[in-house]
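query12.cif follows; it contains mmCIF, C-alpha atoms, pLDDT in the B column; chains and numbers go by the auth columns.
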```
data_start
loop_
_atom_site.group_PDB
_atom_site.id
_atom_site.type_symbol
_atom_site.label_atom_id
_atom_site.label_comp_id
_atom_site.label_asym_id
_atom_site.label_seq_id
_atom_site.Cartn_x
_atom_site.Cartn_y
_atom_site.Cartn_z
_atom_site.B_iso_or_equiv
_atom_site.auth_seq_id
_atom_site.auth_asym_id
ATOM 1 C CA MET A 1 0.000 0.000 0.000 85.00 1 Z
ATOM 2 C CA THR A 2 1.162 3.523 -0.740 87.00 2 Z
ATOM 3 C CA LEU A 3 0.089 6.675 1.072 91.00 3 Z
ATOM 4 C CA LYS A 4 1.075 10.265 0.171 92.00 4 Z
ATOM 5 C CA LEU A 5 -0.011 13.757 1.180 92.00 5 Z
ATOM 6 C CA ILE A 6 -0.001 16.121 -1.800 94.00 6 Z
ATOM 7 C CA PRO A 7 -0.660 19.886 -1.716 93.00 7 Z
ATOM 8 C CA TYR A 8 -3.565 20.690 -4.076 92.00 8 Z
ATOM 9 C CA LEU A 9 -3.808 24.271 -5.357 90.00 9 Z
ATOM 10 C CA VAL A 10 -7.204 25.510 -6.530 90.00 10 Z
ATOM 11 C CA MET A 11 -6.905 28.458 -8.918 89.00 11 Z
ATOM 12 C CA ASN A 12 -9.386 30.993 -10.268 89.00 12 Z
ATOM 13 C CA GLY A 13 -9.022 30.285 -13.997 91.00 13 Z
ATOM 14 C CA ASN A 14 -5.254 30.718 -14.124 90.00 14 Z
ATOM 15 C CA ALA A 15 -3.990 27.214 -13.308 93.00 15 Z
ATOM 16 C CA SER A 16 -2.334 26.883 -16.757 96.00 16 Z
ATOM 17 C CA GLU A 17 -0.475 30.131 -16.153 93.00 17 Z
ATOM 18 C CA ALA A 18 0.563 28.964 -12.661 92.00 18 Z
ATOM 19 C CA ILE A 19 1.798 25.629 -14.025 94.00 19 Z
ATOM 20 C CA ASP A 20 3.903 27.413 -16.677 94.00 20 Z
ATOM 21 C CA PHE A 21 5.255 29.770 -14.014 89.00 21 Z
ATOM 22 C CA TYR A 22 6.238 26.945 -11.628 91.00 22 Z
ATOM 23 C CA LYS A 23 7.672 24.946 -14.510 93.00 23 Z
ATOM 24 C CA LYS A 24 10.126 27.784 -15.160 92.00 24 Z
ATOM 25 C CA ALA A 25 10.624 29.071 -11.617 84.00 25 Z
ATOM 26 C CA LEU A 26 11.030 25.681 -9.939 84.00 26 Z
ATOM 27 C CA ASN A 27 12.239 23.596 -12.893 89.00 27 Z
ATOM 28 C CA ALA A 28 9.068 21.530 -12.483 92.00 28 Z
ATOM 29 C CA GLU A 29 8.110 18.638 -14.705 97.00 29 Z
ATOM 30 C CA VAL A 30 4.495 18.537 -15.898 97.00 30 Z
ATOM 31 C CA LEU A 31 3.176 15.042 -15.179 97.00 31 Z
ATOM 32 C CA PHE A 32 -0.453 15.458 -16.241 97.00 32 Z
ATOM 33 C CA THR A 33 -2.869 18.137 -17.351 97.00 33 Z
ATOM 34 C CA GLN A 34 -6.512 17.930 -18.426 97.00 34 Z
ATOM 35 C CA SER A 35 -9.021 20.691 -19.097 97.00 35 Z
ATOM 36 C CA PHE A 36 -12.713 20.472 -18.254 95.00 36 Z
ATOM 37 C CA GLY A 37 -13.328 20.339 -22.015 95.00 37 Z
ATOM 38 C CA GLU A 38 -11.157 17.201 -22.313 96.00 38 Z
ATOM 39 C CA MET A 39 -13.102 15.296 -19.658 92.00 39 Z
ATOM 40 C CA PRO A 40 -15.606 12.626 -20.694 91.00 40 Z
ATOM 41 C CA GLU A 41 -18.947 14.238 -21.492 88.00 41 Z
ATOM 42 C CA ILE A 42 -21.826 13.758 -19.067 87.00 42 Z
ATOM 43 C CA PRO A 43 -25.028 14.834 -20.871 91.00 43 Z
ATOM 44 C CA GLU A 44 -26.842 15.680 -17.615 91.00 44 Z
ATOM 45 C CA TYR A 45 -24.019 18.081 -16.655 87.00 45 Z
ATOM 46 C CA PRO A 46 -22.736 19.835 -19.783 90.00 46 Z
ATOM 47 C CA ILE A 47 -19.556 21.873 -19.396 91.00 47 Z
ATOM 48 C CA PRO A 48 -20.153 25.605 -19.977 91.00 48 Z
ATOM 49 C CA GLU A 49 -18.142 27.093 -22.854 93.00 49 Z
ATOM 50 C CA ASP A 50 -16.249 29.460 -20.558 92.00 50 Z
ATOM 51 C CA ALA A 51 -15.075 26.508 -18.430 94.00 51 Z
ATOM 52 C CA LYS A 52 -13.810 24.213 -21.191 95.00 52 Z
ATOM 53 C CA ASN A 53 -10.262 25.644 -21.255 96.00 53 Z
ATOM 54 C CA ARG A 54 -9.921 25.704 -17.482 96.00 54 Z
ATOM 55 C CA ILE A 55 -7.861 22.962 -15.821 97.00 55 Z
ATOM 56 C CA SER A 56 -9.905 20.168 -14.232 95.00 56 Z
ATOM 57 C CA HIS A 57 -6.782 18.427 -12.929 95.00 57 Z
ATOM 58 C CA ALA A 58 -3.042 18.732 -13.339 97.00 58 Z
ATOM 59 C CA SER A 59 0.039 17.573 -11.512 97.00 59 Z
ATOM 60 C CA ILE A 60 3.649 18.681 -11.612 96.00 60 Z
ATOM 61 C CA LYS A 61 6.777 17.345 -9.979 96.00 61 Z
ATOM 62 C CA VAL A 62 9.170 19.695 -8.217 91.00 62 Z
ATOM 63 C CA GLY A 63 12.230 17.743 -7.139 87.00 63 Z
ATOM 64 C CA GLU A 64 10.776 14.796 -5.246 88.00 64 Z
ATOM 65 C CA THR A 65 7.493 16.564 -4.458 91.00 65 Z
ATOM 66 C CA GLU A 66 4.265 16.528 -6.413 94.00 66 Z
ATOM 67 C CA LEU A 67 1.851 19.477 -6.592 93.00 67 Z
ATOM 68 C CA MET A 68 -1.681 19.161 -7.961 94.00 68 Z
ATOM 69 C CA PHE A 69 -3.822 21.906 -9.500 93.00 69 Z
ATOM 70 C CA SER A 70 -7.318 22.619 -10.699 94.00 70 Z
ATOM 71 C CA ASP A 71 -9.347 25.674 -11.627 94.00 71 Z
ATOM 72 C CA THR A 72 -12.735 26.560 -10.247 91.00 72 Z
ATOM 73 C CA PHE A 73 -15.732 26.842 -12.543 86.00 73 Z
ATOM 74 C CA PRO A 74 -16.387 30.411 -13.740 85.00 74 Z
ATOM 75 C CA GLY A 75 -18.165 32.335 -11.004 83.00 75 Z
ATOM 76 C CA GLN A 76 -17.166 29.892 -8.261 83.00 76 Z
ATOM 77 C CA PRO A 77 -15.332 31.993 -5.671 80.00 77 Z
ATOM 78 C CA ILE A 78 -11.889 31.371 -4.264 78.00 78 Z
ATOM 79 C CA THR A 79 -11.788 32.244 -0.597 74.00 79 Z
ATOM 80 C CA SER A 80 -8.953 32.178 1.841 65.00 80 Z
ATOM 81 C CA GLY A 81 -8.852 28.703 3.321 64.00 81 Z
ATOM 82 C CA ASN A 82 -10.030 26.686 0.324 68.00 82 Z
ATOM 83 C CA GLN A 83 -7.364 27.586 -2.225 80.00 83 Z
ATOM 84 C CA VAL A 84 -4.987 24.955 -0.858 84.00 84 Z
ATOM 85 C CA THR A 85 -6.140 21.510 0.163 88.00 85 Z
ATOM 86 C CA ILE A 86 -4.215 18.392 1.071 91.00 86 Z
ATOM 87 C CA CYS A 87 -4.757 15.465 -1.250 92.00 87 Z
ATOM 88 C CA ILE A 88 -4.353 12.127 0.505 93.00 88 Z
ATOM 89 C CA SER A 89 -3.421 9.643 -2.183 92.00 89 Z
ATOM 90 C CA THR A 90 -3.409 5.881 -1.718 92.00 90 Z
ATOM 91 C CA ASP A 91 -3.722 2.777 -3.877 94.00 91 Z
ATOM 92 C CA ASP A 92 -6.020 1.053 -1.371 94.00 92 Z
ATOM 93 C CA ALA A 93 -9.746 1.900 -1.569 95.00 93 Z
ATOM 94 C CA GLU A 94 -10.432 0.429 1.868 96.00 94 Z
ATOM 95 C CA LYS A 95 -7.731 2.660 3.371 94.00 95 Z
ATOM 96 C CA SER A 96 -9.343 5.634 1.582 95.00 96 Z
ATOM 97 C CA ARG A 97 -12.710 4.756 3.156 96.00 97 Z
ATOM 98 C CA GLN A 98 -11.118 4.428 6.593 95.00 98 Z
ATOM 99 C CA ILE A 99 -9.335 7.807 6.301 95.00 99 Z
ATOM 100 C CA PHE A 100 -12.467 9.509 4.950 96.00 100 Z
ATOM 101 C CA GLU A 101 -14.700 8.153 7.730 96.00 101 Z
ATOM 102 C CA THR A 102 -12.226 9.286 10.396 95.00 102 Z
ATOM 103 C CA LEU A 103 -11.664 12.768 8.958 94.00 103 Z
ATOM 104 C CA LYS A 104 -15.386 13.485 8.564 95.00 104 Z
ATOM 105 C CA GLN A 105 -16.098 12.967 12.296 93.00 105 Z
ATOM 106 C CA ASP A 106 -17.214 16.388 13.592 93.00 106 Z
ATOM 107 C CA GLY A 107 -16.251 17.802 10.186 92.00 107 Z
ATOM 108 C CA GLU A 108 -18.035 18.627 6.938 95.00 108 Z
ATOM 109 C CA VAL A 109 -18.247 16.380 3.874 97.00 109 Z
ATOM 110 C CA THR A 110 -17.790 18.417 0.683 95.00 110 Z
ATOM 111 C CA MET A 111 -18.111 15.382 -1.606 96.00 111 Z
ATOM 112 C CA GLU A 112 -19.123 11.904 -0.502 97.00 112 Z
ATOM 113 C CA LEU A 113 -16.494 9.236 -1.091 98.00 113 Z
ATOM 114 C CA GLN A 114 -17.507 7.628 -4.370 97.00 114 Z
ATOM 115 C CA GLU A 115 -16.328 6.000 -7.562 95.00 115 Z
ATOM 116 C CA THR A 116 -15.547 8.488 -10.340 93.00 116 Z
ATOM 117 C CA PHE A 117 -14.198 8.127 -13.865 91.00 117 Z
ATOM 118 C CA PHE A 118 -10.713 8.927 -12.520 92.00 118 Z
ATOM 119 C CA SER A 119 -10.725 7.079 -9.185 95.00 119 Z
ATOM 120 C CA PRO A 120 -12.414 4.060 -7.607 96.00 120 Z
ATOM 121 C CA ALA A 121 -12.830 6.045 -4.361 97.00 121 Z
ATOM 122 C CA TYR A 122 -12.671 9.859 -4.322 97.00 122 Z
ATOM 123 C CA GLY A 123 -14.167 12.385 -1.926 97.00 123 Z
ATOM 124 C CA GLY A 124 -13.663 15.602 -0.036 96.00 124 Z
ATOM 125 C CA VAL A 125 -13.928 16.609 3.590 93.00 125 Z
ATOM 126 C CA ILE A 126 -13.149 19.562 5.834 91.00 126 Z
ATOM 127 C CA ASP A 127 -12.054 18.158 9.172 90.00 127 Z
ATOM 128 C CA LYS A 128 -13.080 19.484 12.578 87.00 128 Z
ATOM 129 C CA PHE A 129 -10.066 21.814 12.535 76.00 129 Z
ATOM 130 C CA GLY A 130 -11.093 23.445 9.230 81.00 130 Z
ATOM 131 C CA VAL A 131 -8.436 21.670 7.122 82.00 131 Z
ATOM 132 C CA SER A 132 -9.635 20.687 3.629 89.00 132 Z
ATOM 133 C CA PHE A 133 -8.737 17.217 2.388 90.00 133 Z
ATOM 134 C CA GLN A 134 -9.314 15.369 -0.853 94.00 134 Z
ATOM 135 C CA ILE A 135 -9.144 11.580 -0.646 95.00 135 Z
ATOM 136 C CA PHE A 136 -7.898 10.071 -3.923 95.00 136 Z
ATOM 137 C CA THR A 137 -7.473 6.376 -4.677 96.00 137 Z
ATOM 138 C CA ASN A 138 -5.221 5.262 -7.523 91.00 138 Z
ATOM 139 C CA GLY A 139 -5.931 2.110 -9.483 79.00 139 Z
ATOM 140 C CA GLN A 140 -8.741 -0.395 -9.331 57.00 140 Z
ATOM 141 C CA GLU A 141 -11.181 -1.021 -6.515 45.00 141 Z
ATOM 142 C CA GLY A 142 -9.637 -3.487 -4.122 41.00 142 Z
#
```

Output the file's structure as structure tokens, nothing else.
Amino acid sequence: MTLKLIPYLVMNGNASEAIDFYKKALNAEVLFTQSFGEMPEIPEYPIPEDAKNRISHASIKVGETELMFSDTFPGQPITSGNQVTICISTDDAEKSRQIFETLKQDGEVTMELQETFFSPAYGGVIDKFGVSFQIFTNGQEG
């Protein structure tokens, strides 16, 4: 089993610019980038035109550290406290469930832990101390 904590930066439409900046400033390597427009289409939830070029998910590597990024949807505010979250990444869905259930005690669930097109178990929670976490599971359900 692997387990990593990864800083996750939420940007207000300028994630691509930030990635380019960190690539140059920190000699970062771009590992992955995907816009909302490149995601699989879900007819019930069409992507607005002004969101299609925004980043839905990206990751870069700076030295031995990974940073993840995404943009908000147009009009979705960035407020102090939710721009940076900690992404807990594991390859064990049961471990993800266990972490999620513990962190949500006396906290607030922002997205129920669930299977998505990019993860067998993904969710979000703000713990009782106000720290925002994303729980991300790599690989197949186990």

Who sits within 8 Å of Thr90 (chain Z), only C-alpha atoms, same chain under 3 positions skipped, as number ranges by chain
Z: 1-4, 93, 95-96, 136-138

I need the residue set behind the PyMOL selection byres ((chain Z and resi 8) around 10) for this file; please write it as a ChimeraX atom specification.
/Z:5-7,9-11,57-59,66-70,82-88,132-134

With distances taken over only C-alpha atoms, which residue among Z:Asp71, Z:Glu44, Z:Asp91, Z:Asp127 lies nearest Lys104 (chain Z)?
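So, comparing all the options, the nearest one is Z:Asp127.
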
Distance CA of Glu101 (chain Z)-CA of Gln114 (chain Z), one decimal place?
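Those two atoms sit 12.4 Å apart.
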
Nearby residues (all atoms listed in the file) at most 10 Å from region 106-108 of chain Z, same-chain spacing under 2 positions excluded, as JSON, numbers by chain
{"Z": [102, 103, 104, 110, 111, 124, 125, 126, 127, 128, 129, 130, 131, 132]}

One-decimal distance in Å that lies between CA of Glu94 (chain Z) and CA of Ile55 (chain Z)
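Separation between CA of Ile55 (chain Z) and CA of Glu94 (chain Z): 28.8 Å.
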
Using only C-alpha atoms, pick whichever of Z:Arg54, Z:Ile42, Z:Gly75, Z:Gln34 has the shortest atom-to-atom distance to Glu17 (chain Z).
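Closest to Glu17 (chain Z), using only C-alpha atoms: Z:Arg54.
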
Selection dump of the PyMOL selection byres ((chain Z and resi 116) around 12), as a list of chain:residue names:
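Matching residues under the PyMOL selection byres ((chain Z and resi 116) around 12) are Z:Met39, Z:Pro40, Z:Ile42, Z:Met111, Z:Glu112, Z:Leu113, Z:Gln114, Z:Glu115, Z:Phe117, Z:Phe118, Z:Ser119, Z:Pro120, Z:Ala121, Z:Tyr122, Z:Gly123, Z:Phe136, Z:Thr137, Z:Asn138, Z:Gly139, Z:Gln140, Z:Glu141.
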
Would you write out, as a compact mmCIF listing (two decimals) with C-alpha atoms, keeping the file's coordinate frame, every residue that the PyMOL selection byres ((chain Z and resi 22) around 12) captures in this file?
```
# COMPACT_ATOMS: atom_id res chain seq x y z
CA ALA Z 15 -3.99 27.21 -13.31
CA SER Z 16 -2.33 26.88 -16.76
CA GLU Z 17 -0.48 30.13 -16.15
CA ALA Z 18 0.56 28.96 -12.66
CA ILE Z 19 1.80 25.63 -14.02
CA ASP Z 20 3.90 27.41 -16.68
CA PHE Z 21 5.26 29.77 -14.01
CA LYS Z 23 7.67 24.95 -14.51
CA LYS Z 24 10.13 27.78 -15.16
CA ALA Z 25 10.62 29.07 -11.62
CA LEU Z 26 11.03 25.68 -9.94
CA ASN Z 27 12.24 23.60 -12.89
CA ALA Z 28 9.07 21.53 -12.48
CA GLU Z 29 8.11 18.64 -14.70
CA VAL Z 30 4.50 18.54 -15.90
CA SER Z 59 0.04 17.57 -11.51
CA ILE Z 60 3.65 18.68 -11.61
CA LYS Z 61 6.78 17.34 -9.98
CA VAL Z 62 9.17 19.70 -8.22
CA GLY Z 63 12.23 17.74 -7.14
CA GLU Z 66 4.26 16.53 -6.41
CA LEU Z 67 1.85 19.48 -6.59
CA MET Z 68 -1.68 19.16 -7.96
CA PHE Z 69 -3.82 21.91 -9.50
```

Might I get the box with edges along x, y and z of the file that holds all atoms of region 18-26 of chain Z listed there, padded by 6 Å on every side, given as centre and edge lengths in Å to one decimal, as JSON?
```
{"center_x": 5.8, "center_y": 27.4, "center_z": -13.3, "size_x": 22.5, "size_y": 16.8, "size_z": 18.7}
```

Suppose you want the space between CA of Glu38 (chain Z) and CA of Asn12 (chain Z); what is it in Å?
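We find that CA of Glu38 (chain Z) and CA of Asn12 (chain Z) lie 18.4 Å from each other.
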